[in-house]
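K.L.:
Submitted below is the structure of interest, expressed as structure tokens.
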Amino acid sequence: MKSYLAAAIQMTSVPSLHKNLVQAEELIELAVRRGAELIGLPENFSFMGEEKDKLGQAEEIYLESARFIKKMAQRFQVTILGGSFPVPVEDTGKVYNTTILIDPSGEELSRYFKVHLFDVNVPDGNTYRESSTVVAGEELPSVYYSEQLGNIGLSVCYDVRFPELYRHLSDQGAEVMFVPAAFTAFTGKDHWQVLLQARAIENTAYIIAPAQTGNNYDRRHTHGHAMIIDPWGVILADAGEKPGIAMAEINPSRLEQVRRQMPSLEHRVFS
């Protein structure tokens, strides 16, 4: 693993596939110009809208999203995490909430179907039933092993509330963990940052958390604050509340230093 710059992209995705891909391309290009070699897009980067509209366009969103990520990775010669997008599940009328990691040649390195679905009555009056349109994945995410970028683990949004998933990634050797999200504005103000820091600290790993922000459609407001956090829990970059980029260095020396100073992974009694 070498030192390199990573970027967590922050978007306000809307119910327009075309507009979202244009926005994503502009932010990817900006990240590349600033030197990023590993770039993450947020959850639902290519479409944020009513569930019925997502399902009606699911096949198109899936094909265009996958094509777009591969094209961007090849064009800019970087590794890109495709946030998440719907992948139709045969004979169900539903989709998987899917994230993929693509290398500079356009090859898919890793794929993960979100396992924890957001079925919550939020105290602000909004109700979310992700399971009404999404099929939960049945397998824990794998780790992609890279000599250049470090060992990379995947997750999506609501997963961040389940530390056992990240402990699994840690057990598999993850050094960098992605958390692409569309966190609600109400829960995000209290929980987003502290949960990300906890996952970084307890696993002594870098966290790269791309995010949705602002008013995506109707009453759907997302928290923003895409972040990159180091293994000590230090916030290296925060994109704030507007579309943009959080960028920071992923440094193997820092990872080794923290794991040496706080060897908690070696002191585990229960596994």
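Identifiers in the structure tokens: chain A, B, ... in order shown; residue index from 1 per chain; ligand index from 1 in order shown.
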Name the residues in contact with A:Glu37 at a cut-off of 12 Å, using only C-alpha atoms, excluding same-chain residues fewer than 4 positions from it; report them as a PyMOL selection string.
P.N.:
chain A and resi 2-8+28-33+73+76-81+102-104+148-149+247-250
K.L.:
Go through stretch 149-267 of chain A and flag each residue having an atom no more than 10 Å from stretch 15-26 of chain A; for those, report the closest pair of atoms plus their distance in Å to one decimal, using only C-alpha atoms, ordered by chain and rising number, as a tab-separated table.
P.N.:
```
residue	atom	partner	partner_atom	distance
A:Asn216	CA	A:Pro15	CA	7.8
A:Tyr217	CA	A:Pro15	CA	7.2
A:Pro243	CA	A:Gln23	CA	9.1
A:Gly244	CA	A:Glu26	CA	9.7
```
K.L.:
Mind checking DSSP for stretch 52-198 of chain A and telling me the strand (DSSP E) residues as a PyMOL selection string?
P.N.:
chain A and resi 79-81+85-89+94-102+108-113+119-121+127-129+143-144+152-153+176-178
K.L.:
Those residues you just picked out, can you put them in a file as a short mmCIF file (atom, residue, chain, number, x, y, z; two decimals), in the first residue's frame with C-alpha atoms?
P.N.:
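Below is the file result-v7.cif, written as the result:
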```cif
data_model
loop_
_atom_site.label_atom_id
_atom_site.label_comp_id
_atom_site.auth_asym_id
_atom_site.auth_seq_id
_atom_site.Cartn_x
_atom_site.Cartn_y
_atom_site.Cartn_z
CA THR A 79 -10.53 3.34 -9.18
CA ILE A 80 -14.18 4.25 -8.51
CA LEU A 81 -16.74 3.02 -6.03
CA PHE A 85 -27.83 1.95 -7.65
CA PRO A 86 -30.72 -0.48 -8.23
CA VAL A 87 -30.11 -3.85 -9.86
CA PRO A 88 -33.36 -5.66 -10.82
CA VAL A 89 -34.00 -9.00 -9.10
CA LYS A 94 -37.79 -5.46 -6.70
CA VAL A 95 -34.10 -4.56 -6.85
CA TYR A 96 -30.85 -5.01 -4.98
CA ASN A 97 -29.30 -1.83 -3.57
CA THR A 98 -25.91 -2.45 -5.14
CA THR A 99 -22.43 -0.98 -4.92
CA ILE A 100 -19.50 -1.92 -7.15
CA LEU A 101 -15.79 -1.16 -7.17
CA ILE A 102 -14.26 -0.61 -10.63
CA GLU A 108 -15.27 -4.95 -11.67
CA LEU A 109 -13.23 -5.70 -8.57
CA SER A 110 -15.97 -6.18 -6.01
CA ARG A 111 -19.77 -6.09 -5.71
CA TYR A 112 -22.00 -5.91 -2.66
CA PHE A 113 -25.78 -6.06 -2.21
CA ASP A 119 -37.38 0.33 7.46
CA VAL A 120 -37.77 3.11 10.01
CA ASN A 121 -40.35 5.59 11.29
CA THR A 127 -41.52 6.83 7.18
CA TYR A 128 -39.06 4.78 5.15
CA ARG A 129 -39.68 1.22 3.96
CA VAL A 143 -12.62 -7.33 0.88
CA TYR A 144 -10.70 -6.42 -2.25
CA ILE A 152 -10.86 -2.20 0.61
CA GLY A 153 -14.16 -3.18 2.25
CA VAL A 176 -10.06 1.19 4.01
CA MET A 177 -13.84 0.95 4.39
CA PHE A 178 -16.42 2.67 2.19
#
```
K.L.:
Please compute the atom CA of A:Leu255-atom CA of A:Ala226 distance, one decimal, in Å.
P.N.:
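Between atom CA of A:Leu255 and atom CA of A:Ala226 the gap works out to 20.8 Å.
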K.L.:
Set the distance at 9 Å and use only C-alpha atoms: which residues neighbour A:Ala181 once local chain neighbours fewer than 4 positions away are removed? I'd like the list as a PyMOL selection string.
P.N.:
chain A and resi 41-44+83-84+156-158+209-212+224+226
K.L.:
List every residue of stretch 34-266 of chain A that DSSP, applied to the backbone of this structure, places in helix (DSSP H, G or I), and write the result as a ChimeraX atom specification.
P.N.:
/A:51-56,58-76,130-132,157-161,163-171,185-203,252-261,264-266
K.L.:
Write out as an MDAnalysis selection string the residues lying within 12 Å of A:Asp53, counting only C-alpha atoms and excluding same-chain residues fewer than 2 positions away.
P.N.:
chainID A and resid 14:17 47:51 55:61 86 133
K.L.:
Could you take the residues named above and write them with all heavy atoms, as a short mmCIF file (atom, residue, chain, number, x, y, z; two decimals), in the first residue's frame?
P.N.:
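Saved file result31.cif follows:
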```cif
data_model
loop_
_atom_site.label_atom_id
_atom_site.label_comp_id
_atom_site.auth_asym_id
_atom_site.auth_seq_id
_atom_site.Cartn_x
_atom_site.Cartn_y
_atom_site.Cartn_z
N VAL A 14 -31.29 13.76 -7.88
CA VAL A 14 -32.70 14.07 -8.07
C VAL A 14 -33.35 12.97 -8.91
O VAL A 14 -32.68 12.03 -9.34
CB VAL A 14 -32.85 15.45 -8.74
CG1 VAL A 14 -32.31 16.56 -7.83
CG2 VAL A 14 -32.12 15.48 -10.09
N PRO A 15 -34.66 13.07 -9.19
CA PRO A 15 -35.32 12.03 -10.00
C PRO A 15 -35.04 12.15 -11.50
O PRO A 15 -35.94 12.07 -12.32
CB PRO A 15 -36.81 12.25 -9.70
CG PRO A 15 -36.88 13.09 -8.49
CD PRO A 15 -35.66 13.95 -8.55
N SER A 16 -33.77 12.38 -11.86
CA SER A 16 -33.38 12.49 -13.27
C SER A 16 -32.04 11.80 -13.46
O SER A 16 -31.00 12.32 -13.02
CB SER A 16 -33.28 13.95 -13.71
OG SER A 16 -32.66 14.05 -14.98
N LEU A 17 -32.05 10.66 -14.12
CA LEU A 17 -30.83 9.91 -14.37
C LEU A 17 -29.80 10.77 -15.09
O LEU A 17 -28.63 10.82 -14.69
CB LEU A 17 -31.15 8.65 -15.17
CG LEU A 17 -29.98 7.78 -15.63
CD1 LEU A 17 -29.22 7.23 -14.43
CD2 LEU A 17 -30.49 6.63 -16.51
N PHE A 47 -29.92 8.09 -9.13
CA PHE A 47 -31.37 8.35 -9.07
C PHE A 47 -31.83 8.46 -7.63
O PHE A 47 -31.64 7.52 -6.84
CB PHE A 47 -32.15 7.25 -9.77
CG PHE A 47 -33.62 7.57 -9.93
CD1 PHE A 47 -34.08 8.26 -11.04
CD2 PHE A 47 -34.54 7.18 -8.96
CE1 PHE A 47 -35.43 8.57 -11.18
CE2 PHE A 47 -35.89 7.49 -9.08
CZ PHE A 47 -36.33 8.19 -10.20
N MET A 48 -32.44 9.58 -7.28
CA MET A 48 -33.13 9.76 -6.00
C MET A 48 -34.52 10.27 -6.31
O MET A 48 -34.69 11.41 -6.75
CB MET A 48 -32.39 10.76 -5.11
CG MET A 48 -31.14 10.23 -4.45
SD MET A 48 -31.46 9.25 -2.95
CE MET A 48 -31.90 10.51 -1.78
N GLY A 49 -35.52 9.42 -6.11
CA GLY A 49 -36.90 9.81 -6.40
C GLY A 49 -37.87 8.85 -5.76
O GLY A 49 -37.48 8.00 -4.95
N GLU A 50 -39.14 8.98 -6.11
CA GLU A 50 -40.16 8.10 -5.56
C GLU A 50 -39.83 6.64 -5.91
O GLU A 50 -39.30 6.34 -6.98
CB GLU A 50 -41.53 8.47 -6.11
CG GLU A 50 -42.00 9.87 -5.75
CD GLU A 50 -42.34 10.00 -4.27
OE1 GLU A 50 -42.46 8.95 -3.59
OE2 GLU A 50 -42.47 11.15 -3.80
N GLU A 51 -40.19 5.75 -5.00
CA GLU A 51 -39.88 4.34 -5.18
C GLU A 51 -40.51 3.76 -6.45
O GLU A 51 -39.89 2.97 -7.17
CB GLU A 51 -40.32 3.53 -3.96
CG GLU A 51 -39.54 3.86 -2.69
CD GLU A 51 -38.06 3.57 -2.83
OE1 GLU A 51 -37.69 2.40 -2.93
OE2 GLU A 51 -37.27 4.53 -2.85
N LEU A 55 -38.46 1.96 -9.51
CA LEU A 55 -38.75 0.62 -10.02
C LEU A 55 -39.10 0.65 -11.50
O LEU A 55 -38.70 -0.23 -12.27
CB LEU A 55 -39.89 -0.02 -9.24
CG LEU A 55 -39.59 -0.45 -7.80
CD1 LEU A 55 -40.81 -1.11 -7.19
CD2 LEU A 55 -38.39 -1.37 -7.74
N GLY A 56 -39.84 1.67 -11.93
CA GLY A 56 -40.23 1.77 -13.32
C GLY A 56 -39.06 1.96 -14.26
O GLY A 56 -39.11 1.57 -15.43
N GLN A 57 -37.98 2.56 -13.74
CA GLN A 57 -36.79 2.83 -14.55
C GLN A 57 -35.60 1.98 -14.14
O GLN A 57 -34.47 2.23 -14.58
CB GLN A 57 -36.40 4.31 -14.43
CG GLN A 57 -37.49 5.29 -14.80
CD GLN A 57 -37.09 6.72 -14.48
OE1 GLN A 57 -36.04 7.20 -14.89
NE2 GLN A 57 -37.95 7.41 -13.73
N ALA A 58 -35.83 0.99 -13.31
CA ALA A 58 -34.72 0.25 -12.67
C ALA A 58 -33.73 -0.32 -13.67
O ALA A 58 -32.51 -0.23 -13.49
CB ALA A 58 -35.27 -0.85 -11.76
N GLU A 59 -34.23 -0.94 -14.73
CA GLU A 59 -33.34 -1.56 -15.71
C GLU A 59 -32.45 -0.52 -16.37
O GLU A 59 -31.23 -0.71 -16.52
CB GLU A 59 -34.15 -2.30 -16.77
CG GLU A 59 -33.31 -3.11 -17.75
CD GLU A 59 -32.68 -4.35 -17.12
OE1 GLU A 59 -33.20 -4.83 -16.09
OE2 GLU A 59 -31.67 -4.83 -17.65
N GLU A 60 -33.04 0.60 -16.76
CA GLU A 60 -32.26 1.68 -17.39
C GLU A 60 -31.26 2.27 -16.42
O GLU A 60 -30.09 2.51 -16.77
CB GLU A 60 -33.19 2.78 -17.91
CG GLU A 60 -32.44 3.94 -18.56
CD GLU A 60 -33.35 5.10 -18.94
OE1 GLU A 60 -34.53 5.08 -18.55
OE2 GLU A 60 -32.86 6.03 -19.60
N ILE A 61 -31.70 2.53 -15.18
CA ILE A 61 -30.79 3.10 -14.18
C ILE A 61 -29.61 2.16 -13.95
O ILE A 61 -28.45 2.59 -13.88
CB ILE A 61 -31.53 3.36 -12.86
CG1 ILE A 61 -32.62 4.41 -13.05
CG2 ILE A 61 -30.55 3.82 -11.77
CD1 ILE A 61 -33.56 4.56 -11.86
N PRO A 86 -29.87 0.71 -8.23
CA PRO A 86 -30.72 -0.48 -8.23
C PRO A 86 -30.32 -1.49 -9.30
O PRO A 86 -30.03 -1.13 -10.43
CB PRO A 86 -32.11 0.09 -8.51
CG PRO A 86 -31.85 1.32 -9.31
CD PRO A 86 -30.56 1.89 -8.78
N THR A 133 -39.27 -2.15 -1.80
CA THR A 133 -38.79 -2.19 -3.18
C THR A 133 -37.44 -2.87 -3.33
O THR A 133 -37.00 -3.11 -4.45
CB THR A 133 -38.68 -0.77 -3.77
OG1 THR A 133 -37.79 0.01 -2.95
CG2 THR A 133 -40.04 -0.08 -3.82
#
```
K.L.:
As an exercise, work out the distance from atom CA of A:Tyr145 to atom CA of A:Gly173 in Å and give it to one decimal place.
P.N.:
8.3 Å
K.L.:
Need the shell around stretch 204-207 of chain A: protein/DNA/RNA residues with any atom at most 6 Å away, counting only C-alpha atoms. Skip same-chain ones fewer than 2 positions apart. Format as a list in words?
P.N.:
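Contacts, in chain order: Glu175, Val176, Met177, Phe178, Ala200, Ile201, Glu202, Ile228, Ile229, Asp230 and Pro231 of chain A.
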K.L.:
For the selection just defined, write its residues with N, CA, C and O atoms to a file, as a PDB file, in the first residue's frame.
P.N.:
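Written file, selection_6.pdb:
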```
ATOM      1  N   GLU A 175      -8.438  -2.322   5.395  1.00  0.00           N
ATOM      2  CA  GLU A 175      -7.717  -1.150   5.890  1.00  0.00           C
ATOM      3  C   GLU A 175      -8.439   0.140   5.532  1.00  0.00           C
ATOM      4  O   GLU A 175      -8.255   1.170   6.177  1.00  0.00           O
ATOM      5  N   VAL A 176      -9.249   0.066   4.477  1.00  0.00           N
ATOM      6  CA  VAL A 176     -10.059   1.194   4.007  1.00  0.00           C
ATOM      7  C   VAL A 176     -11.487   0.685   3.856  1.00  0.00           C
ATOM      8  O   VAL A 176     -11.712  -0.338   3.196  1.00  0.00           O
ATOM      9  N   MET A 177     -12.450   1.387   4.455  1.00  0.00           N
ATOM     10  CA  MET A 177     -13.842   0.950   4.393  1.00  0.00           C
ATOM     11  C   MET A 177     -14.705   2.060   3.809  1.00  0.00           C
ATOM     12  O   MET A 177     -14.654   3.208   4.273  1.00  0.00           O
ATOM     13  N   PHE A 178     -15.506   1.708   2.802  1.00  0.00           N
ATOM     14  CA  PHE A 178     -16.419   2.667   2.188  1.00  0.00           C
ATOM     15  C   PHE A 178     -17.782   2.615   2.857  1.00  0.00           C
ATOM     16  O   PHE A 178     -18.311   1.540   3.144  1.00  0.00           O
ATOM     17  N   ALA A 200     -14.358   3.734  12.421  1.00  0.00           N
ATOM     18  CA  ALA A 200     -12.929   3.933  12.161  1.00  0.00           C
ATOM     19  C   ALA A 200     -12.091   3.548  13.378  1.00  0.00           C
ATOM     20  O   ALA A 200     -11.097   2.821  13.264  1.00  0.00           O
ATOM     21  N   ILE A 201     -12.504   4.009  14.543  1.00  0.00           N
ATOM     22  CA  ILE A 201     -11.717   3.798  15.756  1.00  0.00           C
ATOM     23  C   ILE A 201     -11.676   2.325  16.149  1.00  0.00           C
ATOM     24  O   ILE A 201     -10.607   1.781  16.445  1.00  0.00           O
ATOM     25  N   GLU A 202     -12.840   1.668  16.165  1.00  0.00           N
ATOM     26  CA  GLU A 202     -12.874   0.294  16.657  1.00  0.00           C
ATOM     27  C   GLU A 202     -12.177  -0.690  15.725  1.00  0.00           C
ATOM     28  O   GLU A 202     -11.759  -1.766  16.163  1.00  0.00           O
ATOM     29  N   ILE A 228     -13.937  11.816   5.145  1.00  0.00           N
ATOM     30  CA  ILE A 228     -12.859  10.830   5.211  1.00  0.00           C
ATOM     31  C   ILE A 228     -12.283  10.917   6.619  1.00  0.00           C
ATOM     32  O   ILE A 228     -11.955  12.004   7.105  1.00  0.00           O
ATOM     33  N   ILE A 229     -12.191   9.762   7.278  1.00  0.00           N
ATOM     34  CA  ILE A 229     -11.780   9.699   8.678  1.00  0.00           C
ATOM     35  C   ILE A 229     -10.599   8.741   8.813  1.00  0.00           C
ATOM     36  O   ILE A 229     -10.587   7.679   8.194  1.00  0.00           O
ATOM     37  N   ASP A 230      -9.637   9.128   9.620  1.00  0.00           N
ATOM     38  CA  ASP A 230      -8.443   8.289   9.744  1.00  0.00           C
ATOM     39  C   ASP A 230      -8.633   7.237  10.835  1.00  0.00           C
ATOM     40  O   ASP A 230      -9.644   7.233  11.553  1.00  0.00           O
ATOM     41  N   PRO A 231      -7.682   6.300  10.992  1.00  0.00           N
ATOM     42  CA  PRO A 231      -7.859   5.179  11.933  1.00  0.00           C
ATOM     43  C   PRO A 231      -7.932   5.587  13.408  1.00  0.00           C
ATOM     44  O   PRO A 231      -8.324   4.771  14.245  1.00  0.00           O
TER      45      PRO A 231
END
```
K.L.:
Which residues are near A:Gly106? Cut-off 7 Å, only C-alpha atoms, ignore same chain within fewer than 5 positions. Put them as a PyMOL selection string.
P.N.:
chain A and resi 70-71+73-74
